[in-house]
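So this one's structure-v9.txt, compact mmCIF, C-alpha atoms:
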```txt
# COMPACT_ATOMS: atom_id res chain seq x y z
CA MET A 1 0.00 0.00 0.00
CA SER A 2 1.40 3.36 -1.06
CA ILE A 3 1.64 6.14 1.52
CA ARG A 4 0.50 9.47 0.08
CA PHE A 5 -0.16 12.91 1.57
CA ASP A 6 -2.12 14.54 -1.24
CA GLY A 7 -4.24 17.37 0.14
CA LYS A 8 -2.37 17.29 3.45
CA VAL A 9 -0.34 20.17 4.90
CA ALA A 10 2.78 19.53 6.97
CA ILE A 11 4.99 21.72 9.13
CA VAL A 12 8.53 20.45 9.67
CA THR A 13 10.62 22.35 12.22
CA GLY A 14 14.37 22.54 11.86
CA ALA A 15 13.98 21.57 8.22
CA GLY A 16 16.80 23.65 6.72
CA GLY A 17 19.21 20.72 6.73
CA GLY A 18 19.91 17.20 7.93
CA LEU A 19 16.97 15.11 9.09
CA GLY A 20 14.40 17.90 8.86
CA ARG A 21 15.30 18.62 5.25
CA SER A 22 15.03 14.93 4.43
CA HIS A 23 11.62 14.65 6.13
CA ALA A 24 10.34 17.76 4.32
CA LEU A 25 11.52 16.58 0.89
CA GLU A 26 9.96 13.15 1.34
CA LEU A 27 6.64 14.57 2.55
CA ALA A 28 6.56 16.86 -0.49
CA ARG A 29 7.50 14.01 -2.83
CA ARG A 30 4.49 12.12 -1.52
CA GLY A 31 2.12 15.01 -2.16
CA ALA A 32 2.11 17.12 1.00
CA LYS A 33 2.27 20.89 1.00
CA VAL A 34 5.16 21.68 3.32
CA VAL A 35 6.13 24.55 5.60
CA VAL A 36 9.89 24.46 5.95
CA ASN A 37 10.67 26.00 9.32
CA ASP A 38 14.24 26.79 10.30
CA LEU A 39 15.75 29.53 12.43
CA GLY A 40 19.02 29.09 10.57
CA GLY A 41 21.30 29.14 13.60
CA ASP A 42 24.31 26.93 14.22
CA ARG A 43 24.05 23.69 16.14
CA THR A 44 24.41 25.50 19.48
CA GLY A 45 21.44 27.73 18.64
CA ALA A 46 23.47 30.85 17.89
CA GLY A 47 22.80 33.06 14.89
CA GLY A 48 19.99 32.94 12.36
CA SER A 49 19.38 33.02 8.62
CA SER A 50 16.58 32.13 6.20
CA ASP A 51 18.96 30.83 3.54
CA ALA A 52 18.76 27.16 4.52
CA ALA A 53 14.95 27.05 4.66
CA ASN A 54 14.66 28.91 1.36
CA LYS A 55 16.98 26.43 -0.34
CA VAL A 56 14.85 23.49 0.77
CA VAL A 57 11.73 25.27 -0.50
CA GLU A 58 13.47 25.76 -3.84
CA GLU A 59 14.32 22.04 -3.94
CA ILE A 60 10.70 21.10 -3.29
CA LYS A 61 9.38 23.49 -5.92
CA ALA A 62 11.95 22.34 -8.47
CA ALA A 63 10.63 18.81 -7.99
CA GLY A 64 7.06 20.00 -8.62
CA GLY A 65 5.93 20.33 -5.01
CA GLU A 66 4.45 23.16 -2.95
CA ALA A 67 6.28 24.70 -0.01
CA ILE A 68 6.90 27.91 1.87
CA ALA A 69 9.69 28.90 4.25
CA ASN A 70 9.37 30.11 7.82
CA GLY A 71 12.18 31.40 10.02
CA SER A 72 10.52 31.43 13.43
CA SER A 73 12.20 30.08 16.53
CA VAL A 74 10.23 27.20 18.03
CA THR A 75 10.85 28.69 21.48
CA ASP A 76 9.27 32.06 20.64
CA ASP A 77 5.53 32.29 21.30
CA GLU A 78 4.96 35.06 18.79
CA GLY A 79 7.10 33.34 16.18
CA VAL A 80 5.25 30.04 16.59
CA ALA A 81 1.90 31.82 16.30
CA ASN A 82 3.14 33.51 13.14
CA MET A 83 4.27 30.16 11.69
CA VAL A 84 0.85 28.65 12.26
CA LYS A 85 -0.95 31.70 10.84
CA GLN A 86 1.34 31.71 7.80
CA THR A 87 0.57 28.04 7.21
CA VAL A 88 -3.21 28.43 7.48
CA ASP A 89 -3.17 31.59 5.35
CA ALA A 90 -1.19 29.81 2.64
CA PHE A 91 -2.75 26.35 2.69
CA GLY A 92 -5.95 26.51 4.76
CA ARG A 93 -5.22 23.70 7.22
CA ILE A 94 -2.53 21.83 9.18
CA ASP A 95 -2.54 18.04 9.16
CA ILE A 96 0.99 17.08 10.17
CA LEU A 97 3.52 18.52 12.59
CA VAL A 98 7.02 17.08 12.61
CA ASN A 99 8.88 18.44 15.64
CA ASN A 100 12.51 18.15 14.60
CA ALA A 101 14.29 21.40 15.55
CA GLY A 102 17.14 21.02 18.00
CA ILE A 103 20.51 22.16 19.26
CA LEU A 104 23.40 20.66 21.21
CA ARG A 105 25.41 22.06 24.10
CA ASP A 106 27.26 19.00 25.32
CA LYS A 107 29.37 18.96 28.48
CA SER A 108 29.69 16.71 31.47
CA PHE A 109 27.23 17.66 34.21
CA THR A 110 30.11 18.87 36.39
CA LYS A 111 31.15 21.42 33.77
CA MET A 112 27.73 22.32 32.39
CA GLU A 113 26.31 25.77 33.09
CA ILE A 114 22.65 25.89 34.09
CA GLY A 115 22.07 28.30 31.20
CA ASP A 116 23.15 25.63 28.72
CA PHE A 117 20.91 23.08 30.41
CA GLN A 118 17.95 25.47 30.31
CA LEU A 119 18.44 26.44 26.67
CA VAL A 120 18.58 22.84 25.45
CA VAL A 121 15.44 21.97 27.42
CA ASP A 122 13.73 25.10 26.06
CA VAL A 123 14.52 24.19 22.45
CA HIS A 124 13.87 20.45 22.55
CA LEU A 125 11.05 20.21 25.06
CA MET A 126 9.31 23.58 25.01
CA GLY A 127 10.20 23.95 21.33
CA THR A 128 8.09 20.83 20.82
CA VAL A 129 5.33 21.82 23.24
CA LYS A 130 4.75 25.29 21.77
CA PRO A 131 4.20 24.32 18.10
CA THR A 132 2.10 21.35 19.22
CA LYS A 133 -0.04 23.58 21.43
CA ALA A 134 -0.50 26.00 18.52
CA VAL A 135 -1.69 23.37 16.02
CA TRP A 136 -3.71 21.28 18.49
CA PRO A 137 -7.00 23.26 18.29
CA ILE A 138 -6.79 23.28 14.49
CA MET A 139 -6.35 19.51 14.40
CA LYS A 140 -9.19 19.02 16.91
CA GLU A 141 -11.55 21.09 14.79
CA GLN A 142 -10.56 19.16 11.67
CA GLY A 143 -10.91 15.82 13.42
CA TYR A 144 -7.49 14.88 12.07
CA GLY A 145 -3.88 15.37 13.07
CA ARG A 146 -0.56 13.61 13.06
CA ILE A 147 2.17 14.81 15.43
CA MET A 148 5.70 13.47 15.63
CA VAL A 149 8.25 14.39 18.28
CA THR A 150 11.95 13.67 18.04
CA THR A 151 13.40 11.81 20.98
CA SER A 152 16.84 10.20 21.26
CA THR A 153 18.63 7.18 22.65
CA SER A 154 20.33 9.76 24.89
CA GLY A 155 16.97 10.23 26.58
CA LEU A 156 15.90 6.60 26.46
CA TYR A 157 19.20 5.12 27.61
CA GLY A 158 21.63 7.94 28.44
CA ASN A 159 24.79 9.33 26.86
CA PHE A 160 27.82 10.87 28.57
CA GLY A 161 27.88 14.67 28.39
CA GLN A 162 24.20 15.03 27.50
CA THR A 163 22.25 15.43 30.73
CA ASN A 164 20.48 18.48 29.25
CA TYR A 165 19.72 16.82 25.91
CA GLY A 166 18.74 13.50 27.49
CA ALA A 167 16.37 15.12 29.97
CA ALA A 168 14.63 17.06 27.20
CA LYS A 169 14.46 14.08 24.86
CA LEU A 170 12.84 11.81 27.42
CA GLY A 171 10.56 14.73 28.28
CA VAL A 172 9.01 14.71 24.80
CA VAL A 173 8.19 11.01 25.25
CA GLY A 174 6.32 11.82 28.45
CA PHE A 175 4.59 14.61 26.55
CA ILE A 176 3.16 12.35 23.83
CA ASN A 177 2.32 9.59 26.30
CA THR A 178 -0.53 11.81 27.47
CA LEU A 179 -1.26 13.48 24.12
CA LYS A 180 -1.89 10.07 22.54
CA LEU A 181 -4.73 9.63 25.05
CA GLU A 182 -6.17 13.14 24.77
CA GLY A 183 -6.04 13.04 20.97
CA GLN A 184 -7.82 9.74 20.45
CA LYS A 185 -11.36 11.08 20.25
CA ASP A 186 -10.31 13.65 17.62
CA ASN A 187 -8.22 11.30 15.46
CA ILE A 188 -4.96 12.98 16.48
CA ARG A 189 -2.15 10.45 16.66
CA CYS A 190 1.17 11.18 18.33
CA ASN A 191 4.42 9.27 17.96
CA ALA A 192 8.12 9.63 18.71
CA LEU A 193 11.18 9.07 16.53
CA ALA A 194 14.65 8.31 17.90
CA PRO A 195 16.92 8.79 14.87
CA VAL A 196 20.59 8.08 14.34
CA ALA A 197 22.01 10.02 11.40
CA PHE A 198 25.17 11.76 10.22
CA THR A 199 24.23 15.44 10.13
CA ARG A 200 25.69 18.82 11.00
CA MET A 201 24.54 18.20 14.58
CA THR A 202 26.31 14.84 14.90
CA SER A 203 29.19 14.94 12.42
CA ASP A 204 31.89 15.02 15.10
CA LEU A 205 30.33 12.03 16.90
CA PHE A 206 30.82 9.68 13.95
CA PRO A 207 33.89 8.55 12.01
CA PRO A 208 33.85 10.07 8.48
CA GLU A 209 33.09 6.74 6.84
CA ALA A 210 29.77 6.57 8.72
CA GLU A 211 28.34 9.40 6.58
CA GLU A 212 27.45 7.05 3.74
CA MET A 213 25.71 4.60 6.08
CA PHE A 214 23.87 6.87 8.54
CA THR A 215 22.11 9.07 6.01
CA PRO A 216 19.06 11.19 6.89
CA ASP A 217 17.12 9.61 4.03
CA SER A 218 17.55 6.20 5.66
CA VAL A 219 15.48 7.55 8.58
CA SER A 220 12.71 9.49 6.83
CA PRO A 221 10.76 6.45 5.57
CA GLY A 222 9.93 5.68 9.20
CA VAL A 223 8.66 9.23 9.67
CA MET A 224 6.27 8.77 6.75
CA VAL A 225 4.67 5.85 8.58
CA LEU A 226 4.44 7.73 11.89
CA VAL A 227 2.55 10.64 10.28
CA SER A 228 0.51 8.66 7.76
CA GLU A 229 -3.26 8.25 7.75
CA ASP A 230 -2.88 4.75 9.19
CA ALA A 231 -0.24 5.79 11.73
CA PRO A 232 0.00 4.11 15.11
CA THR A 233 -0.17 6.25 18.23
CA GLY A 234 2.18 6.27 21.20
CA THR A 235 4.94 4.44 19.35
CA ILE A 236 8.64 5.13 19.88
CA LEU A 237 10.37 4.25 16.61
CA LEU A 238 14.15 4.01 16.42
CA ALA A 239 15.71 4.46 13.00
CA GLY A 240 19.21 4.64 11.57
CA ALA A 241 21.20 3.28 8.61
CA GLY A 242 18.08 1.53 7.32
CA VAL A 243 17.51 -0.31 10.61
CA PHE A 244 14.17 0.18 12.37
CA SER A 245 13.09 -0.95 15.84
CA ALA A 246 10.60 0.03 18.53
CA ALA A 247 11.22 0.93 22.17
CA GLN A 248 8.83 0.63 25.10
CA ILE A 249 8.93 1.51 28.76
CA MET A 250 8.52 -1.83 30.51
CA GLU A 251 7.64 -2.76 34.09
CA SER A 252 8.29 -5.97 36.00
CA GLU A 253 5.33 -7.93 37.34
CA GLY A 254 6.31 -6.99 40.89
CA VAL A 255 5.48 -8.67 44.19
CA PHE A 256 3.06 -7.88 47.01
CA LEU A 257 4.96 -7.58 50.30
CA GLY A 258 2.03 -6.75 52.54
CA ARG A 259 1.17 -3.56 54.37
CA GLU A 260 1.67 -4.76 57.93
CA GLY A 261 5.25 -4.84 59.10
CA LEU A 262 6.54 -3.48 55.80
CA THR A 263 10.15 -2.34 56.09
CA ALA A 264 13.00 -1.32 53.82
CA GLU A 265 14.76 -4.54 54.80
CA LYS A 266 11.81 -6.58 53.49
CA VAL A 267 12.01 -4.71 50.18
CA LEU A 268 15.73 -5.46 50.01
CA GLU A 269 15.19 -9.15 50.80
CA ASN A 270 12.80 -9.38 47.83
CA TRP A 271 14.86 -7.24 45.48
CA GLU A 272 15.47 -10.03 42.93
CA LYS A 273 11.74 -10.73 42.65
CA ILE A 274 10.91 -7.02 42.45
CA THR A 275 13.40 -6.42 39.62
CA ASP A 276 12.84 -9.69 37.73
CA MET A 277 11.90 -8.57 34.21
CA LYS A 278 10.58 -11.97 33.14
CA GLY A 279 7.00 -11.36 32.11
CA ALA A 280 7.53 -7.58 32.00
CA GLN A 281 5.01 -5.62 29.97
CA PRO A 282 4.38 -2.08 28.76
CA TYR A 283 1.29 -0.07 29.59
CA PHE A 284 -0.63 2.27 27.30
CA MET A 285 -1.72 4.51 30.16
CA GLY A 286 -0.95 5.00 33.85
CA GLY A 287 -4.31 3.66 34.97
CA GLU A 288 -3.41 0.21 33.65
CA GLN A 289 -0.40 0.10 35.95
CA THR A 290 -2.54 1.20 38.88
CA GLY A 291 -4.91 -1.62 38.02
CA LYS A 292 -2.06 -4.13 38.23
CA VAL A 293 -1.01 -2.79 41.64
CA LEU A 294 -4.61 -3.07 42.87
CA LYS A 295 -4.87 -6.65 41.57
CA LEU A 296 -1.64 -7.77 43.28
CA ALA A 297 -2.52 -5.99 46.52
CA THR A 298 -6.03 -7.45 46.56
CA GLU A 299 -4.85 -10.97 45.81
CA GLY A 300 -2.17 -10.59 48.44
```
Represent the structure of the file as structure tokens.
Amino acid sequence: MSIRFDGKVAIVTGAGGGLGRSHALELARRGAKVVVNDLGGDRTGAGGSSDAANKVVEEIKAAGGEAIANGSSVTDDEGVANMVKQTVDAFGRIDILVNNAGILRDKSFTKMEIGDFQLVVDVHLMGTVKPTKAVWPIMKEQGYGRIMVTTSTSGLYGNFGQTNYGAAKLGVVGFINTLKLEGQKDNIRCNALAPVAFTRMTSDLFPPEAEEMFTPDSVSPGVMVLVSEDAPTGTILLAGAGVFSAAQIMESEGVFLGREGLTAEKVLENWEKITDMKGAQPYFMGGEQTGKVLKLATEG
């Protein structure tokens, strides 16, 4: 079955290069009208220029697609509002939001300034929240929306020197874990992508020979599925070098230790049972986990 986006309108943030550019080009190739958002700063968030976004728009138009450029910062309330207004004025609707914009300010936690921590959280977490908040009422009114956030293995599993980035990237997973529930009745589906690609952001983290393997266009096909009409919701998709996998937050079955005479020592004595992941399962919502606790406690 072919995935098409004819008649659909997509906003891709941070789309002036790397992964965002690849996502925008592929959406346009499959029929979407695309808003190419990019502040045009360097990978630390400094500076700004519309050149990169304009070039991607030119690429899309040269291939026969429709696109416009937007230079708003995803952290700026007024800029985000302007991006959404520009999109609706140009194309009349918003069906897809790909939250991709990001920066890096890597340092060990000992050496990291709070300002660098705050800025990275602002861009990755609040820079996802603000565009999503702006398009949400439009998608609710339409009865249709597809939202993708960009997480990272740094958030899912950790990476030295990236406490700021990892905190923000796991934050966006927590964000869509609730949005997937709130969006169900209005056909708004929300998913997360954890990409691995050789881009301007990551070029010094890879050996040069990795560039040919970890290409942005080996990731974008997964994005097309996450924002398609038949998209899942609440999925964390990992993608890189043509390899795709899914991640879930799992929980052990656990053990009921009683409420009378419960001590820390009793917890420690049962630690192997408590942390035994055999039979572990994910939950779609917090209430399911509460239900399990109630079941074990009642049976106990």
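Residue nearest A:Ala15, chosen from A:Val56, A:Ile94, A:Ala28, A:Val84 and counting all atoms listed in the file: A:Val56.
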Give me the stretch 45-129 of chain A side of the contact with stretch 157-181 of chain A, cut-off 12 Å, one line per residue showing its nearest atom pair and distance in Å at one decimal, counting all atoms listed in the file, sorted by chain and residue number, as CSV.
```
residue,atom,partner,partner_atom,distance
A:Asn99,CA,A:Val172,CA,9.9
A:Asn100,CA,A:Lys169,CA,11.2
A:Ala101,CA,A:Lys169,CA,11.8
A:Gly102,CA,A:Tyr165,CA,9.3
A:Ile103,CA,A:Tyr165,CA,8.6
A:Leu104,CA,A:Tyr165,CA,7.1
A:Arg105,CA,A:Gln162,CA,7.9
A:Asp106,CA,A:Gly161,CA,5.3
A:Lys107,CA,A:Gly161,CA,4.5
A:Ser108,CA,A:Gly161,CA,4.1
A:Phe109,CA,A:Thr163,CA,6.5
A:Thr110,CA,A:Gly161,CA,9.3
A:Lys111,CA,A:Gly161,CA,9.2
A:Met112,CA,A:Gly161,CA,8.6
A:Glu113,CA,A:Asn164,CA,10.1
A:Ile114,CA,A:Asn164,CA,9.1
A:Gly115,CA,A:Asn164,CA,10.1
A:Asp116,CA,A:Asn164,CA,7.7
A:Phe117,CA,A:Asn164,CA,4.8
A:Gln118,CA,A:Asn164,CA,7.5
A:Leu119,CA,A:Asn164,CA,8.6
A:Val120,CA,A:Asn164,CA,6.1
A:Val121,CA,A:Ala168,CA,5.0
A:Asp122,CA,A:Ala168,CA,8.2
A:Val123,CA,A:Ala168,CA,8.6
A:His124,CA,A:Ala168,CA,5.8
A:Leu125,CA,A:Ala168,CA,5.2
A:Met126,CA,A:Ala168,CA,8.7
A:Gly127,CA,A:Val172,CA,9.9
A:Thr128,CA,A:Val172,CA,7.4
A:Val129,CA,A:Phe175,CA,8.0
```
Dump of C-alpha atoms for the selected residues, as a PDB file, in the frame of the given file:
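Written out: result-v2.pdb:
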```pdb
ATOM      1  CA  ASN A  99       8.880  18.440  15.640  1.00  0.00           C
ATOM      2  CA  ASN A 100      12.510  18.150  14.600  1.00  0.00           C
ATOM      3  CA  ALA A 101      14.290  21.400  15.550  1.00  0.00           C
ATOM      4  CA  GLY A 102      17.140  21.020  18.000  1.00  0.00           C
ATOM      5  CA  ILE A 103      20.510  22.160  19.260  1.00  0.00           C
ATOM      6  CA  LEU A 104      23.400  20.660  21.210  1.00  0.00           C
ATOM      7  CA  ARG A 105      25.410  22.060  24.100  1.00  0.00           C
ATOM      8  CA  ASP A 106      27.260  19.000  25.320  1.00  0.00           C
ATOM      9  CA  LYS A 107      29.370  18.960  28.480  1.00  0.00           C
ATOM     10  CA  SER A 108      29.690  16.710  31.470  1.00  0.00           C
ATOM     11  CA  PHE A 109      27.230  17.660  34.210  1.00  0.00           C
ATOM     12  CA  THR A 110      30.110  18.870  36.390  1.00  0.00           C
ATOM     13  CA  LYS A 111      31.150  21.420  33.770  1.00  0.00           C
ATOM     14  CA  MET A 112      27.730  22.320  32.390  1.00  0.00           C
ATOM     15  CA  GLU A 113      26.310  25.770  33.090  1.00  0.00           C
ATOM     16  CA  ILE A 114      22.650  25.890  34.090  1.00  0.00           C
ATOM     17  CA  GLY A 115      22.070  28.300  31.200  1.00  0.00           C
ATOM     18  CA  ASP A 116      23.150  25.630  28.720  1.00  0.00           C
ATOM     19  CA  PHE A 117      20.910  23.080  30.410  1.00  0.00           C
ATOM     20  CA  GLN A 118      17.950  25.470  30.310  1.00  0.00           C
ATOM     21  CA  LEU A 119      18.440  26.440  26.670  1.00  0.00           C
ATOM     22  CA  VAL A 120      18.580  22.840  25.450  1.00  0.00           C
ATOM     23  CA  VAL A 121      15.440  21.970  27.420  1.00  0.00           C
ATOM     24  CA  ASP A 122      13.730  25.100  26.060  1.00  0.00           C
ATOM     25  CA  VAL A 123      14.520  24.190  22.450  1.00  0.00           C
ATOM     26  CA  HIS A 124      13.870  20.450  22.550  1.00  0.00           C
ATOM     27  CA  LEU A 125      11.050  20.210  25.060  1.00  0.00           C
ATOM     28  CA  MET A 126       9.310  23.580  25.010  1.00  0.00           C
ATOM     29  CA  GLY A 127      10.200  23.950  21.330  1.00  0.00           C
ATOM     30  CA  THR A 128       8.090  20.830  20.820  1.00  0.00           C
ATOM     31  CA  VAL A 129       5.330  21.820  23.240  1.00  0.00           C
TER      32      VAL A 129
END
```
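In terms of minimum interatomic distance to A:Gly222, A:Met148 ranks closest within A:Met83, A:Arg189, A:Glu141, A:Met148, counting all atoms listed in the file.
Comparing A:Arg93, A:Lys295, A:Lys273, A:Arg146 by their smallest distance to A:Val255, the closest is A:Lys273 (using all atoms listed in the file).
Comparing A:Arg30, A:Lys140, A:Arg21, A:Lys8 by their smallest distance to A:Met224, the closest is A:Arg30 (using all atoms listed in the file).
Within 9 Å of the point (3.2, 6.9, -0.9), counting all atoms listed in the file, the protein and nucleic acid residues come to Met1, Ser2, Ile3, Arg4, Phe5, Arg29, Arg30, Gly31 and Met224 of chain A.
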Report task. Pick out the closest residue to A:Lys185 from this set: A:Met139, A:Val35, A:Met277, A:Val243. Count only C-alpha atoms. Result -> A:Met139
Query raised in the report: Of the candidates A:Gly291, A:Gly234, A:Pro216, A:Gly18, which one gets nearest to A:Glu182 if we count all atoms listed in the file?
Result: A:Gly234
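Going from atom CA of A:Glu269 to atom CA of A:Met250 covers 22.6 Å.
Here atom CA of A:Glu265 stands at a distance of 27.9 Å from atom CA of A:Gly286.
As for atom CA of A:Val196 and atom CA of A:Gly17, they are spaced 14.8 Å apart.
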Report task. Find the spatial neighbours of stretch 51-54 of chain A, counting only C-alpha atoms, within a cut-off of 12 Å - ignore same-chain residues fewer than 3 positions away - and output them as a PyMOL selection string. Result -> chain A and resi 12-18+20-21+24-25+34-42+48+57-61+67-72
Query raised in the report: Quick one: residues within 12 Å of A:Ala81, all atoms listed in the file counted, chain neighbours fewer than 6 positions away excluded, as a ChimeraX atom specification?
Result: /A:70,72-75,87-88,130-135
If I wrap all listed atoms of stretch 171-189 of chain A in a box with edges along x, y and z and add 3 Å on each side, what are its centre and edge lengths in Å to one decimal, as JSON?
```
{"center_x": -0.4, "center_y": 12.2, "center_z": 22.0, "size_x": 27.9, "size_y": 11.1, "size_z": 19.0}
```
Incomplete stretch 154-173 of chain A filled out to N, CA, C and O atoms as a short mmCIF file (atom, residue, chain, number, x, y, z; two decimals), in the coordinates of the input:
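What landed in part_10.cif:
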```
data_model
loop_
_atom_site.label_atom_id
_atom_site.label_comp_id
_atom_site.auth_asym_id
_atom_site.auth_seq_id
_atom_site.Cartn_x
_atom_site.Cartn_y
_atom_site.Cartn_z
N SER A 154 19.75 9.06 23.74
CA SER A 154 20.33 9.76 24.89
C SER A 154 19.31 9.94 25.99
O SER A 154 19.63 9.94 27.18
N GLY A 155 18.04 10.13 25.61
CA GLY A 155 16.97 10.23 26.58
C GLY A 155 16.48 8.88 27.05
O GLY A 155 16.20 8.68 28.22
N LEU A 156 16.40 7.93 26.12
CA LEU A 156 15.90 6.60 26.46
C LEU A 156 16.89 5.81 27.30
O LEU A 156 16.50 5.07 28.20
N TYR A 157 18.19 5.97 26.98
CA TYR A 157 19.20 5.12 27.61
C TYR A 157 20.36 5.88 28.25
O TYR A 157 21.09 5.30 29.05
N GLY A 158 20.54 7.15 27.88
CA GLY A 158 21.63 7.94 28.44
C GLY A 158 22.83 8.04 27.51
O GLY A 158 23.07 7.17 26.67
N ASN A 159 23.57 9.13 27.63
CA ASN A 159 24.79 9.33 26.86
C ASN A 159 25.67 10.34 27.59
O ASN A 159 25.20 11.41 27.97
N PHE A 160 26.92 10.01 27.79
CA PHE A 160 27.82 10.87 28.57
C PHE A 160 27.87 12.28 27.97
O PHE A 160 28.00 12.45 26.75
N GLY A 161 27.78 13.28 28.83
CA GLY A 161 27.88 14.67 28.39
C GLY A 161 26.59 15.27 27.89
O GLY A 161 26.58 16.39 27.37
N GLN A 162 25.47 14.53 28.05
CA GLN A 162 24.20 15.03 27.50
C GLN A 162 23.06 14.97 28.52
O GLN A 162 21.96 14.57 28.21
N THR A 163 23.33 15.39 29.74
CA THR A 163 22.25 15.43 30.73
C THR A 163 21.13 16.36 30.28
O THR A 163 19.95 16.05 30.46
N ASN A 164 21.49 17.51 29.70
CA ASN A 164 20.48 18.48 29.25
C ASN A 164 19.66 17.91 28.09
O ASN A 164 18.42 17.93 28.10
N TYR A 165 20.35 17.38 27.11
CA TYR A 165 19.72 16.82 25.91
C TYR A 165 18.89 15.58 26.27
O TYR A 165 17.75 15.43 25.83
N GLY A 166 19.45 14.71 27.10
CA GLY A 166 18.74 13.50 27.49
C GLY A 166 17.48 13.79 28.27
O GLY A 166 16.44 13.16 28.06
N ALA A 167 17.55 14.76 29.19
CA ALA A 167 16.37 15.12 29.97
C ALA A 167 15.26 15.65 29.07
O ALA A 167 14.08 15.29 29.22
N ALA A 168 15.63 16.50 28.12
CA ALA A 168 14.63 17.06 27.20
C ALA A 168 14.05 16.00 26.28
O ALA A 168 12.84 15.98 26.02
N LYS A 169 14.91 15.09 25.82
CA LYS A 169 14.46 14.08 24.86
C LYS A 169 13.57 13.02 25.49
O LYS A 169 12.69 12.47 24.82
N LEU A 170 13.79 12.71 26.76
CA LEU A 170 12.84 11.81 27.42
C LEU A 170 11.58 12.58 27.78
O LEU A 170 10.49 12.01 27.81
N GLY A 171 11.72 13.89 28.00
CA GLY A 171 10.56 14.73 28.28
C GLY A 171 9.53 14.70 27.17
O GLY A 171 8.32 14.68 27.43
N VAL A 172 9.97 14.70 25.91
CA VAL A 172 9.01 14.71 24.80
C VAL A 172 8.26 13.38 24.71
O VAL A 172 7.14 13.32 24.20
N VAL A 173 8.89 12.30 25.20
CA VAL A 173 8.19 11.01 25.25
C VAL A 173 7.07 11.07 26.28
O VAL A 173 5.93 10.65 26.02
#
```
